[in-house]
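Participant: Below is start_2.txt; it holds compact mmCIF, C-alpha atoms.
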# COMPACT_ATOMS: atom_id res chain seq x y z
CA MET A 5 18.19 -11.37 3.53
CA LYS A 6 16.49 -12.29 6.78
CA GLU A 7 14.52 -15.46 7.16
CA LYS A 8 10.83 -14.89 6.54
CA MET A 9 9.03 -13.83 9.70
CA SER A 10 5.70 -15.48 10.47
CA TYR A 11 2.67 -13.22 10.87
CA GLU A 12 2.57 -14.08 14.58
CA GLU A 13 6.22 -13.11 15.01
CA PHE A 14 5.52 -9.92 13.10
CA LEU A 15 2.73 -8.94 15.49
CA VAL A 16 5.13 -9.27 18.43
CA LYS A 17 8.18 -7.70 16.80
CA VAL A 18 6.31 -4.72 15.36
CA LYS A 19 6.06 -3.30 18.90
CA GLU A 20 9.84 -3.06 19.03
CA GLY A 21 9.99 -1.51 15.58
CA ILE A 22 11.07 -3.71 12.67
CA VAL A 23 13.99 -2.35 10.70
CA ASP A 24 16.02 -3.52 7.72
CA ASP A 25 19.81 -3.96 7.55
CA LYS A 26 20.23 -0.21 7.16
CA GLY A 27 18.08 0.56 10.21
CA ASN A 28 15.11 1.72 8.16
CA CYS A 29 11.46 0.69 8.23
CA PRO A 30 11.00 -1.88 5.42
CA VAL A 31 7.39 -0.80 4.76
CA THR A 32 7.98 2.90 4.03
CA PRO A 33 9.82 2.51 0.67
CA VAL A 34 7.14 0.09 -0.53
CA MET A 35 4.35 2.54 0.32
CA LEU A 36 6.22 5.42 -1.31
CA MET A 37 6.85 3.35 -4.43
CA LEU A 38 3.13 2.72 -4.82
CA GLN A 39 2.10 6.35 -4.48
CA GLY A 40 0.88 8.36 -7.42
CA LYS A 41 -2.47 9.24 -8.89
CA TRP A 42 -2.50 6.55 -11.60
CA LYS A 43 -0.05 3.95 -10.34
CA ASN A 44 -2.58 1.76 -8.57
CA GLN A 45 -4.82 1.69 -11.63
CA VAL A 46 -1.98 0.80 -13.99
CA LEU A 47 -0.94 -1.99 -11.61
CA TYR A 48 -4.53 -3.20 -11.58
CA GLU A 49 -4.53 -3.35 -15.40
CA LEU A 50 -1.30 -5.34 -15.32
CA CYS A 51 -2.92 -7.85 -12.96
CA VAL A 52 -5.77 -8.35 -15.39
CA TYR A 53 -3.74 -8.58 -18.61
CA GLU A 54 -0.84 -10.96 -19.04
CA LYS A 55 0.74 -8.40 -21.38
CA VAL A 56 -0.81 -5.08 -22.27
CA ARG A 57 -0.21 -2.48 -24.95
CA PHE A 58 0.10 1.25 -24.30
CA GLY A 59 -3.03 1.86 -26.39
CA GLN A 60 -5.08 -0.61 -24.36
CA LEU A 61 -4.06 1.06 -21.09
CA LYS A 62 -4.93 4.44 -22.56
CA LYS A 63 -8.36 3.12 -23.56
CA ASP A 64 -9.10 1.51 -20.19
CA LEU A 65 -7.90 4.32 -17.95
CA LEU A 66 -10.46 7.01 -18.56
CA GLY A 67 -9.06 10.50 -18.25
CA ILE A 68 -5.37 9.58 -18.33
CA THR A 69 -3.22 11.62 -20.72
CA ASN A 70 -0.33 10.20 -22.77
CA THR A 71 2.13 12.12 -20.58
CA MET A 72 0.69 10.79 -17.32
CA LEU A 73 0.55 7.24 -18.63
CA THR A 74 4.11 7.42 -19.95
CA SER A 75 5.52 8.82 -16.72
CA THR A 76 3.63 6.26 -14.62
CA LEU A 77 4.95 3.41 -16.77
CA ARG A 78 8.50 4.82 -16.61
CA GLU A 79 8.37 4.97 -12.81
CA LEU A 80 7.12 1.40 -12.59
CA GLU A 81 9.87 0.34 -14.99
CA ALA A 82 12.54 2.26 -13.04
CA ASP A 83 11.42 0.47 -9.87
CA GLY A 84 11.85 -2.84 -11.69
CA LEU A 85 8.18 -3.78 -11.33
CA ILE A 86 7.33 -3.94 -15.02
CA VAL A 87 9.14 -4.65 -18.24
CA ARG A 88 8.65 -2.82 -21.53
CA GLU A 89 8.99 -4.78 -24.76
CA GLN A 90 9.15 -3.07 -28.10
CA PHE A 91 7.95 -4.92 -31.20
CA ASN A 92 9.25 -3.48 -34.45
CA GLU A 93 6.50 -5.00 -36.53
CA ILE A 94 4.14 -3.08 -38.76
CA PRO A 95 2.48 -1.35 -37.04
CA PRO A 96 5.14 -1.17 -34.29
CA HIS A 97 3.86 -1.56 -30.75
CA VAL A 98 4.98 -1.77 -27.15
CA GLU A 99 3.86 -4.27 -24.53
CA TYR A 100 4.13 -4.06 -20.76
CA SER A 101 4.09 -6.89 -18.24
CA PHE A 102 5.09 -7.61 -14.65
CA THR A 103 8.59 -8.69 -13.73
CA GLN A 104 8.97 -11.27 -10.95
CA LYS A 105 9.56 -8.38 -8.55
CA GLY A 106 6.25 -6.87 -9.69
CA ARG A 107 4.38 -10.14 -9.52
CA ASP A 108 5.65 -10.55 -5.96
CA LEU A 109 3.43 -7.60 -5.03
CA TYR A 110 0.41 -9.89 -5.41
CA PRO A 111 0.30 -10.90 -1.71
CA LEU A 112 0.16 -7.19 -0.95
CA PHE A 113 -2.71 -6.62 -3.38
CA TYR A 114 -4.43 -9.64 -1.86
CA ALA A 115 -4.14 -8.16 1.66
CA MET A 116 -5.44 -4.82 0.35
CA MET A 117 -8.35 -6.51 -1.39
CA ASN A 118 -9.37 -8.32 1.78
CA TRP A 119 -9.26 -5.10 3.76
CA GLY A 120 -11.15 -3.30 0.99
CA PHE A 121 -13.94 -5.88 0.93
CA GLU A 122 -14.20 -5.73 4.70
CA TYR A 123 -14.27 -1.96 5.08
CA SER A 124 -14.47 0.08 1.89
CA ASN A 125 -18.22 -0.17 1.35
CA LYS A 126 -19.19 0.16 4.97
CA ASP A 127 -18.89 3.83 5.80
CA MET B 3 -19.74 -8.84 2.37
CA LYS B 4 -18.30 -11.59 0.22
CA GLU B 5 -16.79 -14.70 1.70
CA LYS B 6 -13.05 -14.41 2.05
CA MET B 7 -11.24 -15.48 -1.11
CA SER B 8 -8.20 -17.73 -0.72
CA TYR B 9 -4.92 -16.48 -2.14
CA GLU B 10 -5.08 -19.21 -4.81
CA GLU B 11 -8.58 -18.13 -5.84
CA PHE B 12 -7.37 -14.54 -5.91
CA LEU B 13 -4.56 -15.41 -8.34
CA VAL B 14 -7.10 -16.93 -10.73
CA LYS B 15 -9.83 -14.31 -10.34
CA VAL B 16 -7.52 -11.33 -10.65
CA LYS B 17 -7.23 -12.09 -14.38
CA GLU B 18 -10.96 -11.44 -14.76
CA GLY B 19 -10.74 -8.28 -12.70
CA ILE B 20 -11.99 -8.37 -9.12
CA VAL B 21 -14.62 -5.79 -8.32
CA ASP B 22 -16.67 -4.87 -5.26
CA ASP B 23 -20.48 -4.61 -5.05
CA LYS B 24 -20.36 -1.23 -6.74
CA GLY B 25 -18.25 -2.52 -9.64
CA ASN B 26 -15.06 -0.86 -8.40
CA CYS B 27 -11.58 -2.26 -7.76
CA PRO B 28 -11.36 -2.95 -3.99
CA VAL B 29 -7.62 -2.20 -3.88
CA THR B 30 -7.67 1.35 -5.27
CA PRO B 31 -9.40 3.09 -2.32
CA VAL B 32 -7.03 1.35 0.11
CA MET B 33 -3.97 2.55 -1.81
CA LEU B 34 -5.35 6.08 -2.07
CA MET B 35 -6.14 6.14 1.65
CA LEU B 36 -2.52 5.30 2.47
CA GLN B 37 -1.01 7.99 0.26
CA GLY B 38 0.57 11.08 1.72
CA LYS B 39 4.08 12.14 2.62
CA TRP B 40 3.84 11.36 6.33
CA LYS B 41 1.01 8.84 6.58
CA ASN B 42 3.15 5.73 6.38
CA GLN B 43 5.48 7.02 9.07
CA VAL B 44 2.65 7.94 11.42
CA LEU B 45 1.13 4.47 10.88
CA TYR B 46 4.52 2.94 11.66
CA GLU B 47 4.66 4.88 14.93
CA LEU B 48 1.18 3.64 15.82
CA CYS B 49 2.33 0.05 15.24
CA VAL B 50 5.20 0.56 17.68
CA TYR B 51 3.28 2.36 20.43
CA GLU B 52 0.09 1.03 21.96
CA LYS B 53 -1.02 4.63 22.50
CA VAL B 54 1.01 7.64 21.52
CA ARG B 55 0.88 11.34 22.35
CA PHE B 56 1.06 14.14 19.79
CA GLY B 57 4.33 15.33 21.34
CA GLN B 58 5.94 11.91 21.04
CA LEU B 59 5.03 11.69 17.35
CA LYS B 60 6.42 15.17 16.81
CA LYS B 61 9.66 14.13 18.49
CA ASP B 62 10.04 10.87 16.54
CA LEU B 63 9.14 12.18 13.09
CA LEU B 64 12.08 14.38 12.26
CA GLY B 65 11.15 17.32 10.06
CA ILE B 66 7.37 17.11 10.48
CA THR B 67 5.62 20.37 11.32
CA ASN B 68 2.66 20.69 13.69
CA THR B 69 0.41 21.46 10.73
CA MET B 70 1.50 18.40 8.76
CA LEU B 71 1.20 16.12 11.77
CA THR B 72 -2.24 17.49 12.64
CA SER B 73 -3.57 17.09 9.09
CA THR B 74 -2.13 13.57 8.78
CA LEU B 75 -3.74 12.55 12.07
CA ARG B 76 -7.07 14.13 11.04
CA GLU B 77 -7.07 12.20 7.78
CA LEU B 78 -6.35 8.92 9.55
CA GLU B 79 -9.11 9.73 12.04
CA ALA B 80 -11.56 10.64 9.26
CA ASP B 81 -10.82 7.29 7.59
CA GLY B 82 -11.63 5.58 10.89
CA LEU B 83 -8.14 4.09 11.24
CA ILE B 84 -7.18 5.83 14.47
CA VAL B 85 -8.95 7.22 17.49
CA ARG B 86 -8.08 10.44 19.30
CA GLU B 87 -8.56 10.59 23.06
CA GLN B 88 -8.33 13.83 24.95
CA PHE B 89 -7.29 13.78 28.60
CA ASN B 90 -8.25 16.88 30.53
CA GLU B 91 -5.66 16.35 33.20
CA ILE B 92 -2.98 18.82 34.16
CA PRO B 93 -1.16 19.12 31.84
CA PRO B 94 -3.88 18.15 29.33
CA HIS B 95 -2.80 15.77 26.59
CA VAL B 96 -4.07 13.82 23.61
CA GLU B 97 -3.41 10.18 22.78
CA TYR B 98 -3.81 8.38 19.49
CA SER B 99 -4.25 4.66 18.91
CA PHE B 100 -5.49 2.27 16.23
CA THR B 101 -9.14 1.36 15.89
CA GLN B 102 -9.97 -2.22 14.91
CA LYS B 103 -10.25 -1.03 11.31
CA GLY B 104 -6.73 0.39 11.59
CA ARG B 105 -5.33 -2.69 13.28
CA ASP B 106 -6.80 -4.77 10.46
CA LEU B 107 -4.23 -3.12 8.18
CA TYR B 108 -1.53 -5.25 9.86
CA PRO B 109 -1.72 -8.09 7.29
CA LEU B 110 -1.10 -5.43 4.67
CA PHE B 111 1.94 -4.04 6.51
CA TYR B 112 3.15 -7.62 6.93
CA ALA B 113 2.93 -8.24 3.17
CA MET B 114 4.73 -4.94 2.51
CA MET B 115 7.45 -5.82 5.01
CA ASN B 116 8.07 -9.17 3.35
CA TRP B 117 8.33 -7.56 -0.04
CA GLY B 118 10.55 -4.82 1.39
CA PHE B 119 12.95 -7.32 2.96
CA GLU B 120 13.09 -9.26 -0.30
CA TYR B 121 13.66 -6.36 -2.64
CA SER B 122 14.26 -2.96 -1.05
CA ASN B 123 17.96 -3.39 -0.30
CA LYS B 124 18.81 -5.22 -3.51
CA ASP B 125 18.98 -2.59 -6.19
Turn the structure described in the file into structure tokens.
Facilitator:
Amino acid sequence: MKEKMSYEEFLVKVKEGIVDDKGNCPVTPVMLMLQGKWKNQVLYELCVYEKVRFGQLKKDLLGITNTMLTSTLRELEADGLIVREQFNEIPPHVEYSFTQKGRDLYPLFYAMMNWGFEYSNKD
Amino acid sequence: MKEKMSYEEFLVKVKEGIVDDKGNCPVTPVMLMLQGKWKNQVLYELCVYEKVRFGQLKKDLLGITNTMLTSTLRELEADGLIVREQFNEIPPHVEYSFTQKGRDLYPLFYAMMNWGFEYSNKD
């Protein structure tokens, strides 16, 4: 793990091309991980709720099917961003919440929000 | 335009759901804008070069076709992130560079890079 680069350092180094230990761009896998029709909206829900049930997500995300919601949640789980907890109560239910790795995306959402407020409504 | 929220304020407010003037999530359109197989790599190239020619992008992005590169560039241009300049010299050529709106994505790339360095190589 490299020492954290300051934003000023980043602006200089980006001209040379910033690569990880394997010689790859460290931004590309993050962008690819976040792609998908519903992923951003599910992540948004997880920001709002501490823990959220499948049924609540289904209710909030208008137009999402069970299959789409399940596959989106599975991808987020496979990437280690969220954790799925099963409660074998009556009625049984499942809750989803961020892992630390997922919560560490917050600075990224914050940067996106700032850009969105600055530009999204303008054009 | 709202006043810029601090990161600490953001962490509190995100639980209530942060919305723009139209009642929408300000992060979603930004995420959607950045989606696409080649978009992240073209943006990376634009970070590295001050101005870059179509031919240079074609050379650097292994496996991209002219059609894919053209449509990616057109989408970035339509979103106001890059500007296309045509030089009617001999031989004629075209150069692409970031607009201010595009350059203002840098804090976002910086946040992604930090996350990428922290997590991408770990699993």
Participant: Go ahead and align chain A to chain B (same sequence, so just pair every C-alpha in order, least squares) and export the moved chain as a PDB file with C-alpha atoms, in the frame of the given file.
Facilitator:
ATOM      1  CA  MET A   5     -19.711  -8.841   2.408  1.00  0.00           C
ATOM      2  CA  LYS A   6     -18.288 -11.589   0.235  1.00  0.00           C
ATOM      3  CA  GLU A   7     -16.791 -14.701   1.700  1.00  0.00           C
ATOM      4  CA  LYS A   8     -13.035 -14.403   2.065  1.00  0.00           C
ATOM      5  CA  MET A   9     -11.236 -15.469  -1.094  1.00  0.00           C
ATOM      6  CA  SER A  10      -8.200 -17.715  -0.720  1.00  0.00           C
ATOM      7  CA  TYR A  11      -4.906 -16.469  -2.150  1.00  0.00           C
ATOM      8  CA  GLU A  12      -5.076 -19.194  -4.807  1.00  0.00           C
ATOM      9  CA  GLU A  13      -8.572 -18.115  -5.838  1.00  0.00           C
ATOM     10  CA  PHE A  14      -7.362 -14.531  -5.918  1.00  0.00           C
ATOM     11  CA  LEU A  15      -4.563 -15.387  -8.345  1.00  0.00           C
ATOM     12  CA  VAL A  16      -7.103 -16.912 -10.740  1.00  0.00           C
ATOM     13  CA  LYS A  17      -9.838 -14.309 -10.335  1.00  0.00           C
ATOM     14  CA  VAL A  18      -7.518 -11.314 -10.650  1.00  0.00           C
ATOM     15  CA  LYS A  19      -7.219 -12.072 -14.385  1.00  0.00           C
ATOM     16  CA  GLU A  20     -10.932 -11.421 -14.776  1.00  0.00           C
ATOM     17  CA  GLY A  21     -10.726  -8.255 -12.711  1.00  0.00           C
ATOM     18  CA  ILE A  22     -11.980  -8.370  -9.121  1.00  0.00           C
ATOM     19  CA  VAL A  23     -14.602  -5.776  -8.312  1.00  0.00           C
ATOM     20  CA  ASP A  24     -16.652  -4.866  -5.255  1.00  0.00           C
ATOM     21  CA  ASP A  25     -20.456  -4.618  -5.029  1.00  0.00           C
ATOM     22  CA  LYS A  26     -20.339  -1.232  -6.735  1.00  0.00           C
ATOM     23  CA  GLY A  27     -18.229  -2.529  -9.630  1.00  0.00           C
ATOM     24  CA  ASN A  28     -15.046  -0.871  -8.408  1.00  0.00           C
ATOM     25  CA  CYS A  29     -11.579  -2.269  -7.766  1.00  0.00           C
ATOM     26  CA  PRO A  30     -11.364  -2.958  -3.998  1.00  0.00           C
ATOM     27  CA  VAL A  31      -7.616  -2.202  -3.878  1.00  0.00           C
ATOM     28  CA  THR A  32      -7.660   1.349  -5.278  1.00  0.00           C
ATOM     29  CA  PRO A  33      -9.398   3.086  -2.313  1.00  0.00           C
ATOM     30  CA  VAL A  34      -7.031   1.349   0.108  1.00  0.00           C
ATOM     31  CA  MET A  35      -3.967   2.544  -1.813  1.00  0.00           C
ATOM     32  CA  LEU A  36      -5.354   6.074  -2.066  1.00  0.00           C
ATOM     33  CA  MET A  37      -6.136   6.118   1.649  1.00  0.00           C
ATOM     34  CA  LEU A  38      -2.526   5.291   2.467  1.00  0.00           C
ATOM     35  CA  GLN A  39      -1.020   7.985   0.269  1.00  0.00           C
ATOM     36  CA  GLY A  40       0.584  11.070   1.713  1.00  0.00           C
ATOM     37  CA  LYS A  41       4.080  12.130   2.612  1.00  0.00           C
ATOM     38  CA  TRP A  42       3.849  11.347   6.343  1.00  0.00           C
ATOM     39  CA  LYS A  43       1.015   8.845   6.581  1.00  0.00           C
ATOM     40  CA  ASN A  44       3.145   5.722   6.371  1.00  0.00           C
ATOM     41  CA  GLN A  45       5.476   7.001   9.076  1.00  0.00           C
ATOM     42  CA  VAL A  46       2.639   7.923  11.427  1.00  0.00           C
ATOM     43  CA  LEU A  47       1.128   4.466  10.882  1.00  0.00           C
ATOM     44  CA  TYR A  48       4.513   2.948  11.653  1.00  0.00           C
ATOM     45  CA  GLU A  49       4.647   4.878  14.950  1.00  0.00           C
ATOM     46  CA  LEU A  50       1.173   3.626  15.823  1.00  0.00           C
ATOM     47  CA  CYS A  51       2.334   0.045  15.252  1.00  0.00           C
ATOM     48  CA  VAL A  52       5.184   0.544  17.682  1.00  0.00           C
ATOM     49  CA  TYR A  53       3.275   2.365  20.435  1.00  0.00           C
ATOM     50  CA  GLU A  54       0.094   1.017  21.960  1.00  0.00           C
ATOM     51  CA  LYS A  55      -1.022   4.623  22.489  1.00  0.00           C
ATOM     52  CA  VAL A  56       1.006   7.649  21.515  1.00  0.00           C
ATOM     53  CA  ARG A  57       0.880  11.335  22.348  1.00  0.00           C
ATOM     54  CA  PHE A  58       1.061  14.130  19.782  1.00  0.00           C
ATOM     55  CA  GLY A  59       4.327  15.330  21.340  1.00  0.00           C
ATOM     56  CA  GLN A  60       5.933  11.901  21.042  1.00  0.00           C
ATOM     57  CA  LEU A  61       5.021  11.671  17.350  1.00  0.00           C
ATOM     58  CA  LYS A  62       6.408  15.153  16.804  1.00  0.00           C
ATOM     59  CA  LYS A  63       9.661  14.120  18.495  1.00  0.00           C
ATOM     60  CA  ASP A  64      10.034  10.866  16.553  1.00  0.00           C
ATOM     61  CA  LEU A  65       9.143  12.164  13.107  1.00  0.00           C
ATOM     62  CA  LEU A  66      12.072  14.376  12.277  1.00  0.00           C
ATOM     63  CA  GLY A  67      11.156  17.304  10.082  1.00  0.00           C
ATOM     64  CA  ILE A  68       7.380  17.091  10.495  1.00  0.00           C
ATOM     65  CA  THR A  69       5.631  20.370  11.323  1.00  0.00           C
ATOM     66  CA  ASN A  70       2.659  20.691  13.696  1.00  0.00           C
ATOM     67  CA  THR A  71       0.400  21.448  10.720  1.00  0.00           C
ATOM     68  CA  MET A  72       1.509  18.390   8.749  1.00  0.00           C
ATOM     69  CA  LEU A  73       1.211  16.123  11.767  1.00  0.00           C
ATOM     70  CA  THR A  74      -2.233  17.474  12.638  1.00  0.00           C
ATOM     71  CA  SER A  75      -3.567  17.095   9.108  1.00  0.00           C
ATOM     72  CA  THR A  76      -2.135  13.576   8.794  1.00  0.00           C
ATOM     73  CA  LEU A  77      -3.747  12.545  12.084  1.00  0.00           C
ATOM     74  CA  ARG A  78      -7.072  14.121  11.047  1.00  0.00           C
ATOM     75  CA  GLU A  79      -7.077  12.183   7.772  1.00  0.00           C
ATOM     76  CA  LEU A  80      -6.341   8.924   9.558  1.00  0.00           C
ATOM     77  CA  GLU A  81      -9.111   9.713  12.038  1.00  0.00           C
ATOM     78  CA  ALA A  82     -11.568  10.629   9.255  1.00  0.00           C
ATOM     79  CA  ASP A  83     -10.835   7.280   7.594  1.00  0.00           C
ATOM     80  CA  GLY A  84     -11.643   5.566  10.890  1.00  0.00           C
ATOM     81  CA  LEU A  85      -8.155   4.084  11.241  1.00  0.00           C
ATOM     82  CA  ILE A  86      -7.186   5.819  14.468  1.00  0.00           C
ATOM     83  CA  VAL A  87      -8.945   7.211  17.488  1.00  0.00           C
ATOM     84  CA  ARG A  88      -8.074  10.435  19.294  1.00  0.00           C
ATOM     85  CA  GLU A  89      -8.549  10.590  23.054  1.00  0.00           C
ATOM     86  CA  GLN A  90      -8.336  13.830  24.940  1.00  0.00           C
ATOM     87  CA  PHE A  91      -7.278  13.794  28.594  1.00  0.00           C
ATOM     88  CA  ASN A  92      -8.234  16.919  30.503  1.00  0.00           C
ATOM     89  CA  GLU A  93      -5.638  16.395  33.183  1.00  0.00           C
ATOM     90  CA  ILE A  94      -2.947  18.866  34.123  1.00  0.00           C
ATOM     91  CA  PRO A  95      -1.135  19.150  31.811  1.00  0.00           C
ATOM     92  CA  PRO A  96      -3.855  18.187  29.292  1.00  0.00           C
ATOM     93  CA  HIS A  97      -2.785  15.782  26.573  1.00  0.00           C
ATOM     94  CA  VAL A  98      -4.069  13.825  23.609  1.00  0.00           C
ATOM     95  CA  GLU A  99      -3.412  10.182  22.793  1.00  0.00           C
ATOM     96  CA  TYR A 100      -3.803   8.366  19.495  1.00  0.00           C
ATOM     97  CA  SER A 101      -4.256   4.651  18.898  1.00  0.00           C
ATOM     98  CA  PHE A 102      -5.491   2.259  16.222  1.00  0.00           C
ATOM     99  CA  THR A 103      -9.141   1.349  15.887  1.00  0.00           C
ATOM    100  CA  GLN A 104      -9.985  -2.240  14.919  1.00  0.00           C
ATOM    101  CA  LYS A 105     -10.268  -1.046  11.319  1.00  0.00           C
ATOM    102  CA  GLY A 106      -6.738   0.366  11.601  1.00  0.00           C
ATOM    103  CA  ARG A 107      -5.345  -2.702  13.292  1.00  0.00           C
ATOM    104  CA  ASP A 108      -6.803  -4.783  10.464  1.00  0.00           C
ATOM    105  CA  LEU A 109      -4.237  -3.137   8.184  1.00  0.00           C
ATOM    106  CA  TYR A 110      -1.549  -5.253   9.858  1.00  0.00           C
ATOM    107  CA  PRO A 111      -1.730  -8.099   7.290  1.00  0.00           C
ATOM    108  CA  LEU A 112      -1.110  -5.442   4.660  1.00  0.00           C
ATOM    109  CA  PHE A 113       1.907  -4.056   6.515  1.00  0.00           C
ATOM    110  CA  TYR A 114       3.131  -7.623   6.930  1.00  0.00           C
ATOM    111  CA  ALA A 115       2.905  -8.246   3.158  1.00  0.00           C
ATOM    112  CA  MET A 116       4.705  -4.943   2.517  1.00  0.00           C
ATOM    113  CA  MET A 117       7.423  -5.814   5.008  1.00  0.00           C
ATOM    114  CA  ASN A 118       8.054  -9.165   3.354  1.00  0.00           C
ATOM    115  CA  TRP A 119       8.309  -7.537  -0.050  1.00  0.00           C
ATOM    116  CA  GLY A 120      10.540  -4.811   1.391  1.00  0.00           C
ATOM    117  CA  PHE A 121      12.947  -7.309   2.942  1.00  0.00           C
ATOM    118  CA  GLU A 122      13.072  -9.248  -0.303  1.00  0.00           C
ATOM    119  CA  TYR A 123      13.646  -6.327  -2.648  1.00  0.00           C
ATOM    120  CA  SER A 124      14.255  -2.942  -1.051  1.00  0.00           C
ATOM    121  CA  ASN A 125      17.953  -3.377  -0.311  1.00  0.00           C
ATOM    122  CA  LYS A 126      18.812  -5.184  -3.497  1.00  0.00           C
ATOM    123  CA  ASP A 127      18.987  -2.537  -6.182  1.00  0.00           C
TER     124      ASP A 127
END
Participant: Give as a short mmCIF file (atom, residue, chain, number, x, y, z; two decimals) with C-alpha atoms, keeping the file's coordinate frame every residue of chain A that touches chain B within 6 Å, counting all atoms listed in the file.
Facilitator:
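File produced: out-v2.cif:
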data_model
loop_
_atom_site.label_atom_id
_atom_site.label_comp_id
_atom_site.auth_asym_id
_atom_site.auth_seq_id
_atom_site.Cartn_x
_atom_site.Cartn_y
_atom_site.Cartn_z
CA VAL A 18 6.31 -4.72 15.36
CA LYS A 19 6.06 -3.30 18.90
CA GLY A 21 9.99 -1.51 15.58
CA PRO A 30 11.00 -1.88 5.42
CA VAL A 31 7.39 -0.80 4.76
CA GLN A 39 2.10 6.35 -4.48
CA VAL A 52 -5.77 -8.35 -15.39
CA LEU A 112 0.16 -7.19 -0.95
CA ALA A 115 -4.14 -8.16 1.66
CA MET A 116 -5.44 -4.82 0.35
CA MET A 117 -8.35 -6.51 -1.39
CA GLY A 120 -11.15 -3.30 0.99
#
Participant: Between CA of Ile84 (chain B) and CA of Ser99 (chain B), what is the distance in Å, rounded to a tenth?
Facilitator: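 Computed distance, CA of Ile84 (chain B) to CA of Ser99 (chain B), equals 5.4 Å.
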Participant: Would you please work out which residue, of A:Ile94, A:Val46, A:Val56, A:Leu66, is nearest to Arg78 (chain A) when using only C-alpha atoms?
Facilitator: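 Of the candidates, the smallest distance to Arg78 (chain A) is held by A:Val46.
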Participant: Find the spatial neighbours of Phe91 (chain A), counting all atoms listed in the file, within a cut-off of 12 Å - ignore same-chain residues fewer than 6 positions away - and output them as a list in words.
Facilitator: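 Surrounding residues, per the criterion: Arg57, His97, Val98, Glu99 and Tyr100 of chain A.
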Participant: For the selection just defined, write its residues with C-alpha atoms to a file, as a PDB file, keeping the file's coordinate frame.
Facilitator:
ATOM      1  CA  ARG A  57      -0.210  -2.480 -24.950  1.00  0.00           C
ATOM      2  CA  HIS A  97       3.860  -1.560 -30.750  1.00  0.00           C
ATOM      3  CA  VAL A  98       4.980  -1.770 -27.150  1.00  0.00           C
ATOM      4  CA  GLU A  99       3.860  -4.270 -24.530  1.00  0.00           C
ATOM      5  CA  TYR A 100       4.130  -4.060 -20.760  1.00  0.00           C
TER       6      TYR A 100
END
Participant: Would you kindly place N, CA, C and O atoms on region 28-39 of chain A and return the model as a compact mmCIF listing (two decimals), in the frame of the given file?
Facilitator:
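Below is the file selection12.txt, written as the result:
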# COMPACT_ATOMS: atom_id res chain seq x y z
N ASN A 28 16.33 1.05 8.61
CA ASN A 28 15.11 1.72 8.16
C ASN A 28 13.89 0.80 8.22
O ASN A 28 14.01 -0.42 8.17
N CYS A 29 12.71 1.43 8.28
CA CYS A 29 11.46 0.69 8.23
C CYS A 29 11.32 0.07 6.83
O CYS A 29 11.45 0.78 5.82
N PRO A 30 11.07 -1.25 6.73
CA PRO A 30 11.00 -1.88 5.42
C PRO A 30 9.69 -1.60 4.67
O PRO A 30 9.58 -1.90 3.49
N VAL A 31 8.71 -1.04 5.37
CA VAL A 31 7.39 -0.80 4.76
C VAL A 31 7.35 0.55 4.02
O VAL A 31 6.75 0.66 2.95
N THR A 32 8.02 1.55 4.59
CA THR A 32 7.98 2.90 4.03
C THR A 32 8.34 2.97 2.53
O THR A 32 7.56 3.51 1.75
N PRO A 33 9.50 2.41 2.11
CA PRO A 33 9.82 2.51 0.67
C PRO A 33 8.79 1.83 -0.23
O PRO A 33 8.55 2.30 -1.35
N VAL A 34 8.16 0.78 0.27
CA VAL A 34 7.14 0.09 -0.53
C VAL A 34 5.92 0.99 -0.71
O VAL A 34 5.41 1.17 -1.81
N MET A 35 5.49 1.62 0.39
CA MET A 35 4.35 2.54 0.32
C MET A 35 4.65 3.71 -0.60
O MET A 35 3.82 4.11 -1.40
N LEU A 36 5.86 4.26 -0.48
CA LEU A 36 6.22 5.42 -1.31
C LEU A 36 6.26 5.04 -2.78
O LEU A 36 5.80 5.79 -3.65
N MET A 37 6.75 3.84 -3.05
CA MET A 37 6.85 3.35 -4.43
C MET A 37 5.47 3.24 -5.09
O MET A 37 5.33 3.41 -6.29
N LEU A 38 4.47 2.95 -4.27
CA LEU A 38 3.13 2.72 -4.82
C LEU A 38 2.30 4.00 -4.92
O LEU A 38 1.17 3.98 -5.38
N GLN A 39 2.87 5.12 -4.44
CA GLN A 39 2.10 6.35 -4.48
C GLN A 39 2.07 6.98 -5.86
O GLN A 39 2.98 6.79 -6.66
